[in-house]
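Text of work_5.txt, listed as compact mmCIF, C-alpha atoms:
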```txt
# COMPACT_ATOMS: atom_id res chain seq x y z
CA MET A 137 74.80 153.36 88.51
CA ILE A 138 69.62 155.33 88.82
CA SER A 139 64.73 157.01 90.03
CA ASN A 140 63.58 153.74 90.49
CA PHE A 141 66.39 151.65 91.77
CA LYS A 142 69.68 153.17 90.95
CA MET A 143 72.36 152.44 93.33
CA VAL A 144 75.07 152.31 90.76
CA VAL A 145 77.23 150.38 92.92
CA SER A 146 80.88 150.36 92.62
CA CYS A 147 81.09 147.66 90.06
CA LYS A 148 84.61 146.67 90.83
CA ALA A 149 86.56 143.78 89.56
CA SER A 150 90.27 144.27 90.00
CA ARG A 151 89.58 147.93 89.28
CA ARG A 152 86.45 149.97 89.67
CA THR A 153 84.14 150.08 86.67
CA ALA A 154 81.07 152.17 87.14
CA VAL A 155 79.02 151.83 90.15
CA ALA A 156 75.90 151.22 88.24
CA SER A 157 72.50 152.76 88.39
CA VAL A 158 70.21 151.18 90.90
CA PHE A 159 67.16 151.50 88.69
CA LEU A 160 68.93 149.74 85.84
CA LEU A 161 70.72 147.26 88.06
CA ILE A 162 67.89 146.24 90.31
CA VAL A 163 64.83 146.70 88.16
CA GLY A 164 66.36 146.35 84.72
CA GLY A 165 69.11 143.92 85.62
CA LEU A 166 71.54 145.39 83.11
CA ILE A 167 74.74 145.30 85.10
CA VAL A 168 74.46 141.79 86.37
CA GLY A 169 76.38 142.23 89.57
CA CYS A 170 79.53 143.82 88.17
CA SER A 171 81.50 140.73 87.32
CA THR A 172 84.20 142.20 85.10
CA PRO A 173 85.37 145.61 83.92
CA PRO A 174 83.89 146.83 80.62
CA THR A 175 85.86 145.87 77.53
CA ARG A 176 84.20 148.17 75.00
CA SER A 177 86.88 150.15 73.21
CA SER A 178 86.71 153.90 72.71
CA SER A 179 86.05 155.14 69.22
CA TYR A 180 87.48 158.60 69.78
CA ARG A 181 91.05 159.69 69.14
CA SER A 182 92.72 162.45 71.14
CA GLY A 183 95.27 164.80 69.73
CA SER A 184 94.52 168.28 68.45
CA GLY A 185 91.56 169.11 70.64
CA ALA A 186 89.31 169.61 67.60
CA ALA A 187 85.94 167.91 67.59
CA GLY A 188 86.93 166.06 64.44
CA THR A 189 89.46 164.03 66.41
CA TYR A 190 86.71 162.79 68.71
CA SER A 191 84.47 160.76 66.46
CA SER A 192 81.91 158.27 67.67
CA SER A 193 79.20 156.12 66.17
CA ILE A 194 76.92 156.96 69.09
CA ALA A 195 77.58 160.69 69.59
CA SER A 196 78.34 163.88 67.70
CA PHE A 197 80.02 167.05 68.90
CA SER A 198 79.39 170.68 67.92
CA ALA A 199 81.51 173.60 69.10
CA VAL A 200 79.53 176.17 71.09
CA SER A 201 80.37 179.18 73.23
CA TRP A 202 80.62 179.20 77.00
CA GLN A 203 77.45 181.30 77.06
CA ASN A 204 75.55 178.22 75.86
CA LEU A 205 76.12 176.48 79.19
CA PRO A 206 73.12 177.03 81.50
CA GLY A 207 74.35 177.94 84.96
CA TRP A 208 78.05 178.06 84.03
CA GLN A 209 78.52 181.45 85.65
CA ASP A 210 76.76 180.29 88.82
CA ASP A 211 78.72 177.09 89.43
CA ASP A 212 81.18 177.13 92.32
CA LEU A 213 84.17 175.76 90.42
CA THR A 214 86.31 175.56 93.56
CA GLN A 215 84.25 172.45 94.36
CA ALA A 216 85.05 170.93 90.95
CA TRP A 217 88.75 171.79 91.03
CA PRO A 218 89.95 168.90 93.26
CA ALA A 219 88.16 166.43 90.96
CA TRP A 220 89.83 167.98 87.91
CA LEU A 221 93.25 167.72 89.53
CA LYS A 222 92.58 164.03 90.15
CA SER A 223 91.76 163.63 86.45
CA CYS A 224 95.03 165.37 85.64
CA ASP A 225 96.94 162.93 87.83
CA ALA A 226 95.80 160.18 85.45
CA LEU A 227 95.85 162.17 82.19
CA ARG A 228 99.47 163.26 82.67
CA LYS A 229 100.55 159.62 82.52
CA ARG A 230 99.18 159.18 79.01
CA SER A 231 102.24 159.92 76.90
CA GLY A 232 100.21 160.29 73.69
CA ASP A 233 97.70 162.78 75.06
CA LEU A 234 99.86 165.88 74.69
CA ASN A 235 96.98 168.36 74.75
CA TRP A 236 95.65 166.94 78.01
CA ARG A 237 99.12 167.12 79.52
CA SER A 238 99.49 170.72 78.43
CA ALA A 239 96.10 171.70 79.86
CA CYS A 240 96.97 169.98 83.12
CA ALA A 241 100.34 171.74 83.26
CA GLN A 242 98.51 175.09 83.00
CA ALA A 243 96.49 174.11 86.08
CA ASN A 244 99.59 174.28 88.28
CA GLY A 245 99.44 178.07 88.50
CA VAL A 246 95.74 178.34 89.38
CA SER A 247 94.64 179.10 92.93
CA ALA A 248 92.36 176.32 94.16
CA GLY A 249 90.28 178.77 96.19
CA ASN A 250 89.77 181.40 93.48
CA ASN A 251 86.52 180.70 91.65
CA GLN A 252 87.09 183.32 88.97
CA ALA A 253 90.66 182.19 88.31
CA ILE A 254 89.43 178.63 87.81
CA ARG A 255 86.72 179.88 85.44
CA ARG A 256 89.30 181.81 83.42
CA TYR A 257 91.50 178.71 83.29
CA PHE A 258 88.78 176.55 81.75
CA GLU A 259 87.57 179.25 79.37
CA GLY A 260 91.13 179.93 78.21
CA ASN A 261 92.30 176.34 77.81
CA PHE A 262 89.19 174.44 76.66
CA GLN A 263 86.63 174.49 73.88
CA VAL A 264 83.06 173.49 74.71
CA TYR A 265 81.26 170.93 72.53
CA GLU A 266 77.57 170.17 72.70
CA ILE A 267 76.99 166.40 72.80
CA ARG A 268 74.21 164.80 70.79
CA ASN A 269 73.11 161.20 70.54
CA SER A 270 73.28 159.33 67.24
CA SER A 271 69.55 160.05 66.85
CA GLY A 272 70.30 163.79 66.90
CA SER A 273 68.73 164.33 70.31
CA ASP A 274 70.58 166.62 72.72
CA THR A 275 68.94 165.11 75.83
CA GLY A 276 69.45 161.80 77.57
CA LEU A 277 69.08 159.83 80.79
CA ILE A 278 70.94 160.98 83.90
CA THR A 279 70.93 158.50 86.78
CA GLY A 280 72.75 158.40 90.09
CA TYR A 281 74.92 156.06 92.13
CA TYR A 282 76.69 155.93 95.46
CA GLU A 283 78.92 153.75 97.58
CA PRO A 284 77.13 152.26 100.59
CA VAL A 285 78.49 152.64 104.12
CA MET A 286 77.13 150.24 106.74
CA ASN A 287 77.86 149.74 110.40
CA GLY A 288 79.33 146.32 111.06
CA SER A 289 81.66 144.08 112.99
CA LEU A 290 84.45 141.61 112.29
CA THR A 291 82.69 139.08 114.50
CA ARG A 292 79.09 137.96 114.77
CA SER A 293 77.07 139.45 117.61
CA SER A 294 73.47 139.95 118.60
CA ALA A 295 73.51 143.26 116.70
CA TYR A 296 75.37 142.04 113.61
CA THR A 297 74.03 138.75 112.28
CA VAL A 298 74.26 139.07 108.47
CA PRO A 299 77.58 137.90 106.98
CA LEU A 300 79.45 139.31 103.99
CA TYR A 301 81.54 136.59 102.41
CA GLY A 302 84.94 136.31 100.80
CA TYR A 303 85.56 133.94 97.90
CA PRO A 304 85.13 130.34 99.17
CA SER A 305 88.48 128.68 99.79
CA ALA A 306 87.04 125.40 98.49
CA TRP A 307 86.55 127.03 95.07
CA ARG A 308 90.07 128.37 94.59
CA GLY A 309 91.24 125.24 92.82
CA SER A 310 88.14 124.65 90.75
CA LYS A 311 84.71 126.21 90.88
CA PRO A 312 81.71 123.87 90.61
CA ASN A 313 80.13 123.87 87.16
CA PRO A 314 77.42 124.89 87.29
CA ALA A 315 78.01 126.83 90.49
CA PRO A 316 75.24 126.78 93.10
CA THR A 317 72.65 129.53 93.23
CA ARG A 318 72.35 131.97 96.11
CA ALA A 319 69.73 129.80 97.79
CA GLN A 320 71.90 126.70 97.43
CA LEU A 321 74.97 128.53 98.74
CA MET A 322 73.18 129.82 101.80
CA SER A 323 71.98 126.34 102.75
CA SER A 324 75.01 124.24 101.76
CA GLY A 325 77.53 125.32 104.38
CA VAL A 326 80.24 125.89 101.75
CA LEU A 327 80.51 129.53 102.81
CA GLN A 328 81.22 128.75 106.45
CA GLY A 329 84.57 130.22 107.44
CA SER A 330 84.58 132.72 104.55
CA GLU A 331 82.94 135.54 106.51
CA ILE A 332 84.75 138.87 106.18
CA ALA A 333 82.40 141.06 108.21
CA TRP A 334 78.95 141.05 109.78
CA VAL A 335 76.25 143.68 109.23
CA GLN A 336 72.67 144.22 110.41
CA ASP A 337 70.44 144.32 107.34
CA PRO A 338 70.21 141.45 104.80
CA VAL A 339 68.65 143.73 102.17
CA ALA A 340 71.42 146.32 102.53
CA ALA A 341 73.95 143.50 102.22
CA ALA A 342 72.22 142.34 99.02
CA PHE A 343 72.35 145.87 97.64
CA MET A 344 76.07 145.98 98.35
CA GLN A 345 76.42 142.75 96.38
CA VAL A 346 74.67 144.36 93.43
CA GLN A 347 76.99 147.31 93.73
CA GLY A 348 80.08 145.16 94.08
CA SER A 349 81.77 147.25 96.78
CA GLY A 350 81.19 149.34 99.86
CA LYS A 351 82.46 150.38 103.26
CA ILE A 352 81.92 148.92 106.71
CA ARG A 353 82.23 151.26 109.68
CA LEU A 354 83.52 149.06 112.50
CA GLU A 355 82.79 149.52 116.17
CA ASP A 356 86.35 150.72 116.89
CA GLY A 357 85.92 153.57 114.38
CA ARG A 358 87.96 151.96 111.62
CA VAL A 359 86.44 152.03 108.14
CA MET A 360 86.89 148.83 106.16
CA ARG A 361 86.55 149.00 102.37
CA LEU A 362 85.36 145.91 100.54
CA GLY A 363 85.90 145.29 96.84
CA PHE A 364 84.63 142.79 94.31
CA ALA A 365 86.27 139.32 94.53
CA GLY A 366 84.13 137.17 92.23
CA THR A 367 80.70 135.61 91.75
CA ASN A 368 79.02 132.23 91.50
CA ASP A 369 78.60 132.82 87.73
CA GLN A 370 74.83 132.72 87.94
CA PRO A 371 72.75 135.25 85.94
CA PHE A 372 71.44 138.34 87.64
CA LYS A 373 67.68 138.44 88.18
CA SER A 374 65.92 141.41 89.68
CA PHE A 375 64.36 140.87 93.07
CA ALA A 376 62.53 144.16 92.52
CA GLN A 377 60.91 142.61 89.46
CA TRP A 378 60.06 139.55 91.56
CA LEU A 379 58.15 141.82 93.93
CA LEU A 380 56.46 143.66 91.07
CA ASP A 381 55.37 140.42 89.38
CA ARG A 382 53.67 139.34 92.60
CA LYS A 383 52.10 142.78 93.11
CA GLU A 384 53.90 143.09 96.44
CA ILE A 385 55.01 146.63 95.53
CA SER A 386 54.00 149.25 92.98
CA ARG A 387 56.28 150.65 90.29
CA SER A 388 56.75 153.79 92.37
CA GLU A 389 57.93 151.59 95.27
CA ALA A 390 60.52 149.74 93.16
CA THR A 391 63.31 151.75 94.73
CA MET A 392 66.02 150.90 97.20
CA GLN A 393 63.94 152.54 99.89
CA GLY A 394 60.71 150.81 98.81
CA ILE A 395 62.27 147.35 98.75
CA SER A 396 63.82 147.88 102.19
CA ALA A 397 60.45 148.97 103.56
CA TRP A 398 58.79 145.83 102.12
CA ALA A 399 61.44 143.63 103.77
CA LYS A 400 60.83 145.27 107.14
CA ARG A 401 57.12 144.50 106.78
CA ASN A 402 57.80 140.94 105.64
CA PRO A 403 60.85 139.65 107.54
CA ASP A 404 59.78 136.01 107.11
CA ARG A 405 59.79 136.38 103.31
CA THR A 406 62.97 138.42 102.91
CA ASN A 407 65.16 135.45 102.05
CA GLU A 408 62.59 134.21 99.54
CA MET A 409 62.74 137.60 97.84
CA LEU A 410 66.56 137.75 97.87
CA ASN A 411 66.81 134.20 96.55
CA ALA A 412 64.90 135.31 93.46
CA ASN A 413 68.30 136.54 92.31
CA PRO A 414 70.51 133.44 91.94
CA ARG A 415 73.66 135.53 91.54
CA PHE A 416 75.98 135.86 94.56
CA VAL A 417 78.90 138.27 94.87
CA PHE A 418 81.97 137.70 97.02
CA PHE A 419 84.12 140.45 98.54
CA LYS A 420 87.71 141.04 99.52
CA GLU A 421 89.09 143.57 101.96
CA LEU A 422 90.99 146.34 100.24
CA PRO A 423 94.19 147.37 101.99
CA GLY A 424 94.45 150.16 104.51
CA ASN A 425 92.11 152.10 106.74
CA VAL A 426 90.12 154.62 104.70
CA SER A 427 88.09 157.70 105.39
CA ALA A 428 84.35 157.17 105.20
CA GLU A 429 84.25 160.26 102.97
CA LEU A 430 86.88 159.06 100.46
CA GLY A 431 85.21 157.85 97.28
CA PRO A 432 86.06 154.56 95.58
CA ASN A 433 88.41 154.53 92.62
CA GLY A 434 86.63 154.91 89.31
CA ALA A 435 87.65 153.42 85.98
CA LEU A 436 90.15 156.28 85.60
CA GLY A 437 92.00 154.93 88.64
CA VAL A 438 91.41 157.95 90.88
CA PRO A 439 88.99 158.38 93.82
CA LEU A 440 85.55 159.62 92.84
CA THR A 441 84.43 163.00 94.17
CA ALA A 442 80.88 163.32 95.47
CA GLY A 443 78.85 165.63 93.24
CA ARG A 444 81.69 166.09 90.75
CA SER A 445 82.31 162.64 89.23
CA ILE A 446 80.20 160.86 86.62
CA ALA A 447 80.25 157.55 84.80
CA VAL A 448 79.99 157.76 81.01
CA ASP A 449 79.99 155.57 77.92
CA LEU A 450 83.60 155.28 76.74
CA GLN A 451 82.43 154.79 73.17
CA ALA A 452 81.26 158.38 73.33
CA LEU A 453 83.44 160.36 75.73
CA PRO A 454 87.10 160.33 76.78
CA LEU A 455 87.79 159.10 80.29
CA GLY A 456 89.03 161.88 82.55
CA ALA A 457 87.52 164.75 80.57
CA PRO A 458 85.59 167.65 82.09
CA VAL A 459 81.88 167.60 81.22
CA PHE A 460 79.27 170.23 81.94
CA LEU A 461 76.03 168.64 83.11
CA ALA A 462 72.59 170.27 83.07
CA THR A 463 69.80 168.26 84.65
CA THR A 464 67.52 168.43 87.70
CA LYS A 465 67.66 166.98 91.18
CA PRO A 466 65.68 163.78 91.82
CA LEU A 467 61.89 164.13 91.96
CA SER A 468 62.07 167.88 91.44
CA SER A 469 62.50 170.61 88.88
CA GLN A 470 65.36 172.19 90.83
CA PRO A 471 68.30 172.67 88.43
CA LEU A 472 71.48 170.65 88.88
CA GLN A 473 73.96 172.43 86.61
CA LYS A 474 77.64 171.92 87.25
CA LEU A 475 81.06 170.95 85.97
CA VAL A 476 81.80 167.27 86.53
CA MET A 477 84.55 164.84 85.49
CA ALA A 478 84.12 161.66 83.43
CA GLN A 479 85.99 159.38 85.82
CA ASP A 480 84.00 156.16 85.67
CA THR A 481 82.08 153.86 83.34
CA GLY A 482 79.73 150.89 83.42
CA LYS A 483 77.84 148.43 81.26
CA ALA A 484 74.48 150.14 81.85
CA ILE A 485 75.85 153.54 80.82
CA VAL A 486 75.15 153.54 77.10
CA GLY A 487 74.85 156.56 74.82
CA GLY A 488 76.37 159.93 74.13
CA VAL A 489 74.11 162.02 76.36
CA ARG A 490 74.11 159.50 79.22
CA ALA A 491 75.67 159.82 82.66
CA ASP A 492 75.59 158.27 86.09
CA TYR A 493 76.12 160.95 88.73
CA TYR A 494 78.12 159.98 91.82
CA TRP A 495 76.39 161.29 94.94
CA GLY A 496 78.86 160.10 97.58
CA SER A 497 79.19 157.51 100.32
CA ASP A 498 76.50 157.98 102.94
CA GLU A 499 72.82 157.40 103.61
CA ALA A 500 71.81 160.79 102.22
CA ALA A 501 73.72 160.02 99.03
CA GLY A 502 71.92 156.70 98.78
CA GLU A 503 68.56 158.43 99.13
CA MET A 504 69.35 160.78 96.24
CA ALA A 505 70.92 158.12 94.04
CA GLY A 506 68.04 155.74 94.59
CA ARG A 507 65.55 158.28 93.23
CA MET A 508 67.51 159.83 90.38
CA LYS A 509 66.23 159.21 86.87
CA GLN A 510 66.27 162.57 85.17
CA SER A 511 66.49 164.00 81.68
CA GLY A 512 69.58 166.10 81.03
CA ARG A 513 72.04 167.64 78.60
CA MET A 514 75.83 167.39 78.47
CA TRP A 515 78.74 169.33 77.00
CA LEU A 516 82.27 167.98 76.55
CA LEU A 517 85.29 170.20 77.32
CA LEU A 518 88.33 169.47 75.15
CA PRO A 519 91.77 171.13 75.33
CA ARG A 520 92.30 173.84 72.71
```
Take the structure in the file and write it out as structure tokens.
Amino acid sequence: MISNFKMVVSCKASRRTAVASVFLLIVGGLIVGCSTPPTRSSSYRSGSGAAGTYSSSIASFSAVSWQNLPGWQDDDLTQAWPAWLKSCDALRKRSGDLNWRSACAQANGVSAGNNQAIRRYFEGNFQVYEIRNSSGSDTGLITGYYEPVMNGSLTRSSAYTVPLYGYPSAWRGSKPNPAPTRAQLMSSGVLQGSEIAWVQDPVAAAFMQVQGSGKIRLEDGRVMRLGFAGTNDQPFKSFAQWLLDRKEISRSEATMQGISAWAKRNPDRTNEMLNANPRFVFFKELPGNVSAELGPNGALGVPLTAGRSIAVDLQALPLGAPVFLATTKPLSSQPLQKLVMAQDTGKAIVGGVRADYYWGSDEAAGEMAGRMKQSGRMWLLLPR
């Protein structure tokens, strides 16, 4: 998903593909509204756990010792353990991945609250491999993403006036070709009757469209999760770039927070700005009441864990694998060094040393994700 605009939004189609980085999505326009899951095939082969069985045209792997991991001894692995068990839930189902299944079986006897026991488990069952890009560099871009949570209502009211739409019923037989742009849709009336929920902020609603999913906290306390249902097949164009081109904001203000602040100062021009992106995303309600803290499903098919899940390039790394990440927190030199799980992917996540870090599902997570564009290093953990 990114320190300019990175809200790697849950790019979901029928399944979740990486919530993409806001910087790349909004400013760079690389994810284009999350229309379909990624189709790029992995170039690694699992089997013996040796680095030679994990080959890639965009990454190389070198065995190193655990002492090479900066901050490994300081990480609270009890916080990473639930995310690893979720990875195991998916990895066990892969009949060909015998080494993953064996490593996951060994996890059954480990106490979830014993930090040292968890450390011994990883050190005894995994080999660490330093990841390098095809250029030979051991550093790469680390961005951030989150899943938005907004207050809302199932009916329009004086407080909630901005609709989120389901796929138009008139299009279910045949979609217009070419389909109307966002501006044309909003003025045509074709969306009337397709409202799923109502929220307060048109810019936040547009960000959720870029992300492709999110949660609505209803007035009765229920949390409604919305997923991707389709688009109008128009190309994505960055409304952040539209503002930059007109010198309405500076590069440092081309963030989720900066764009929202501009809209509050210019309410009469907000629609003009949003219409600069002709693409429009439709939602569907996902079944069941959910916890506001439960993360969306990643490409692995398991819920993402705040601070312990990342999106990676599947041409470089195996989905579900543990990865040790060494970077810094947004806009600071404070180290962020921890064990995370490769549980998601996305079109903007390209390269061996490249990750999108999932911050969670609240406003604070959005603040961090929207500012994260750091340099970092990564190590892959493979079963022995």
Fewer than 6 positions away in the same chain doesn't count, so skip those; otherwise give me all residues within 10 Å of Val486 in chain A, counting all atoms listed in the file, as a PDB file with C-alpha atoms, keeping the file's coordinate frame.
```pdb
ATOM      1  CA  ILE A 194      76.920 156.960  69.090  1.00  0.00           C
ATOM      2  CA  LEU A 277      69.080 159.830  80.790  1.00  0.00           C
ATOM      3  CA  VAL A 448      79.990 157.760  81.010  1.00  0.00           C
ATOM      4  CA  ASP A 449      79.990 155.570  77.920  1.00  0.00           C
ATOM      5  CA  LEU A 450      83.600 155.280  76.740  1.00  0.00           C
ATOM      6  CA  GLN A 451      82.430 154.790  73.170  1.00  0.00           C
ATOM      7  CA  ALA A 452      81.260 158.380  73.330  1.00  0.00           C
TER       8      ALA A 452
END
```
Next on the checklist: Quick check, in Å to one decimal: how far apart do CA of Ala397 in chain A and CA of Asp498 in chain A lie?
Outcome noted: 18.4 Å
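Of the residues under consideration (A:Ala505, A:Leu300, A:Ala241, A:Ala500), A:Ala505 shows the shortest atom-to-atom contact distance to Ile278 in chain A when counting only C-alpha atoms.
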Next on the checklist: For a quick check of understanding, using all atoms listed in the file, which of A:Asn269, A:Ser305, A:Ser294, A:Ser388 has the smallest distance to Val489 in chain A?
Outcome noted: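 The shortest atom-to-atom distance to Val489 in chain A comes from A:Asn269.
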Item to check | Residues within 6 Å of (81.2, 170.2, 75.5), counting only C-alpha atoms, listed as an NGL selection string | outcome: :A and (264-266 or 515-517)
Checklist entry - Leaving out Ser271 in chain A and any residue of its chain fewer than 3 positions from it, which residues lie within 10 Å of it when counting only C-alpha atoms, given as a PyMOL selection string? => result chain A and resi 194-196+268+274+488
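Considering all atoms listed in the file, the residue among A:Leu379, A:Leu440, A:Ala306, A:Met409 positioned nearest to Thr391 in chain A is A:Leu379.
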Next on the checklist: Please determine, counting only C-alpha atoms, which residue among A:Ser497, A:Gln209, A:Asn287, A:Asn433 has the shortest atom-to-atom distance to Asp480 in chain A.
Outcome noted: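 Of A:Ser497, A:Gln209, A:Asn287, A:Asn433, the one nearest Asp480 in chain A is A:Asn433, counting only C-alpha atoms.
Relative to CA of Gly325 in chain A, CA of Arg361 in chain A is found at 25.4 Å.
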Item to check | Point-to-point distance from CA of Leu327 in chain A to CA of Tyr303 in chain A, Å rounded to tenths | outcome: 8.3 Å
Checklist entry - Could you pull the residues within 12 Å of Arg230 in chain A, counting all atoms listed in the file, minus those fewer than 5 positions along the same chain, as a ChimeraX atom specification? => result /A:182-183,223-225,235-238,240,436,455-456
Checklist entry - Which of these, A:Gly431, A:Gly394, A:Pro338, A:Pro284, has the shortest distance to Ile352 in chain A once you count all atoms listed in the file? => result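 Of A:Gly431, A:Gly394, A:Pro338, A:Pro284, the one nearest Ile352 in chain A is A:Pro284, counting all atoms listed in the file.
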Checklist entry - So which residues fall inside 12 Å of (54.7, 142.8, 95.9) if we count all atoms listed in the file? Mind giving them as a ChimeraX atom specification? => result /A:375-390,394-395,397-399,401-402,405-406,409
Checklist entry - What lies within 9 Å of Ala462 in chain A using only C-alpha atoms, ignoring chain neighbours under 4 positions off, as JSON, numbers by chain? => result {"A": [205, 206, 207, 471, 472, 473, 474, 475, 511, 512, 513, 514, 515]}
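Shortest atom-to-atom contact with Gly272 in chain A among A:Pro458, A:Gly487, A:Leu362, A:Arg228: A:Gly487, counting all atoms listed in the file.
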If you take all atoms listed in the file and a cut-off of 12 Å, which residues of range 235-343 of chain A touch range 415-424 of chain A, and what are their nearest atom pairs and distances in Å to one decimal, in chain and number order, as a Markdown table?
```
| residue | atom | partner | partner_atom | distance |
| --- | --- | --- | --- | --- |
| A:Leu290 | CA | A:Glu421 | CA | 11.5 |
| A:Pro299 | CA | A:Phe418 | CA | 10.9 |
| A:Leu300 | CA | A:Phe419 | CA | 7.3 |
| A:Tyr301 | CA | A:Phe418 | CA | 5.5 |
| A:Gly302 | CA | A:Phe419 | CA | 4.8 |
| A:Tyr303 | CA | A:Phe418 | CA | 5.3 |
| A:Pro304 | CA | A:Phe418 | CA | 8.3 |
| A:Ser305 | CA | A:Phe418 | CA | 11.5 |
| A:Trp307 | CA | A:Phe418 | CA | 11.8 |
| A:Ala315 | CA | A:Arg415 | CA | 9.8 |
| A:Pro316 | CA | A:Arg415 | CA | 9.0 |
| A:Thr317 | CA | A:Arg415 | CA | 6.3 |
| A:Arg318 | CA | A:Phe416 | CA | 5.5 |
| A:Ala319 | CA | A:Phe416 | CA | 9.3 |
| A:Gln320 | CA | A:Phe416 | CA | 10.4 |
| A:Leu321 | CA | A:Phe416 | CA | 8.5 |
| A:Met322 | CA | A:Phe416 | CA | 9.8 |
| A:Leu327 | CA | A:Phe418 | CA | 10.1 |
| A:Ser330 | CA | A:Phe418 | CA | 9.4 |
| A:Glu331 | CA | A:Phe419 | CA | 9.4 |
| A:Ile332 | CA | A:Lys420 | CA | 7.6 |
| A:Ala333 | CA | A:Glu421 | CA | 9.5 |
| A:Ala341 | CA | A:Val417 | CA | 10.3 |
| A:Ala342 | CA | A:Phe416 | CA | 8.7 |
| A:Phe343 | CA | A:Val417 | CA | 10.4 |
```
Can you put N, CA and C atoms back into range 388-403 of chain A and show it as an mmCIF file, in the frame of the given file?
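As a result, result.cif now contains:
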```cif
data_model
loop_
_atom_site.group_PDB
_atom_site.id
_atom_site.type_symbol
_atom_site.label_atom_id
_atom_site.label_comp_id
_atom_site.auth_asym_id
_atom_site.auth_seq_id
_atom_site.Cartn_x
_atom_site.Cartn_y
_atom_site.Cartn_z
ATOM 1 N N SER A 388 56.160 152.655 91.658
ATOM 2 C CA SER A 388 56.750 153.790 92.370
ATOM 3 C C SER A 388 57.512 153.337 93.615
ATOM 4 N N GLU A 389 57.232 152.124 94.091
ATOM 5 C CA GLU A 389 57.930 151.590 95.270
ATOM 6 C C GLU A 389 59.140 150.730 94.897
ATOM 7 N N ALA A 390 59.394 150.573 93.599
ATOM 8 C CA ALA A 390 60.520 149.740 93.160
ATOM 9 C C ALA A 390 61.817 150.528 93.235
ATOM 10 N N THR A 391 62.102 150.990 94.428
ATOM 11 C CA THR A 391 63.310 151.750 94.730
ATOM 12 C C THR A 391 64.048 151.028 95.851
ATOM 13 N N MET A 392 65.273 151.444 96.083
ATOM 14 C CA MET A 392 66.020 150.900 97.200
ATOM 15 C C MET A 392 65.242 151.077 98.495
ATOM 16 N N GLN A 393 64.665 152.256 98.668
ATOM 17 C CA GLN A 393 63.940 152.540 99.890
ATOM 18 C C GLN A 393 62.650 151.712 99.977
ATOM 19 N N GLY A 394 61.953 151.562 98.838
ATOM 20 C CA GLY A 394 60.710 150.810 98.810
ATOM 21 C C GLY A 394 60.907 149.337 99.090
ATOM 22 N N ILE A 395 61.978 148.767 98.536
ATOM 23 C CA ILE A 395 62.270 147.350 98.750
ATOM 24 C C ILE A 395 62.666 147.106 100.207
ATOM 25 N N SER A 396 63.450 148.007 100.775
ATOM 26 C CA SER A 396 63.820 147.880 102.190
ATOM 27 C C SER A 396 62.597 147.943 103.083
ATOM 28 N N ALA A 397 61.669 148.845 102.745
ATOM 29 C CA ALA A 397 60.450 148.970 103.560
ATOM 30 C C ALA A 397 59.623 147.687 103.463
ATOM 31 N N TRP A 398 59.538 147.085 102.260
ATOM 32 C CA TRP A 398 58.790 145.830 102.120
ATOM 33 C C TRP A 398 59.420 144.737 102.989
ATOM 34 N N ALA A 399 60.758 144.658 102.986
ATOM 35 C CA ALA A 399 61.440 143.630 103.770
ATOM 36 C C ALA A 399 61.175 143.796 105.261
ATOM 37 N N LYS A 400 61.120 145.030 105.723
ATOM 38 C CA LYS A 400 60.830 145.270 107.140
ATOM 39 C C LYS A 400 59.414 144.830 107.496
ATOM 40 N N ARG A 401 58.497 144.943 106.529
ATOM 41 C CA ARG A 401 57.120 144.500 106.780
ATOM 42 C C ARG A 401 56.965 142.983 106.648
ATOM 43 N N ASN A 402 57.900 142.370 105.947
ATOM 44 C CA ASN A 402 57.800 140.940 105.640
ATOM 45 C C ASN A 402 59.103 140.214 105.966
ATOM 46 N N PRO A 403 59.550 140.253 107.217
ATOM 47 C CA PRO A 403 60.850 139.650 107.540
ATOM 48 C C PRO A 403 60.917 138.160 107.251
#
```
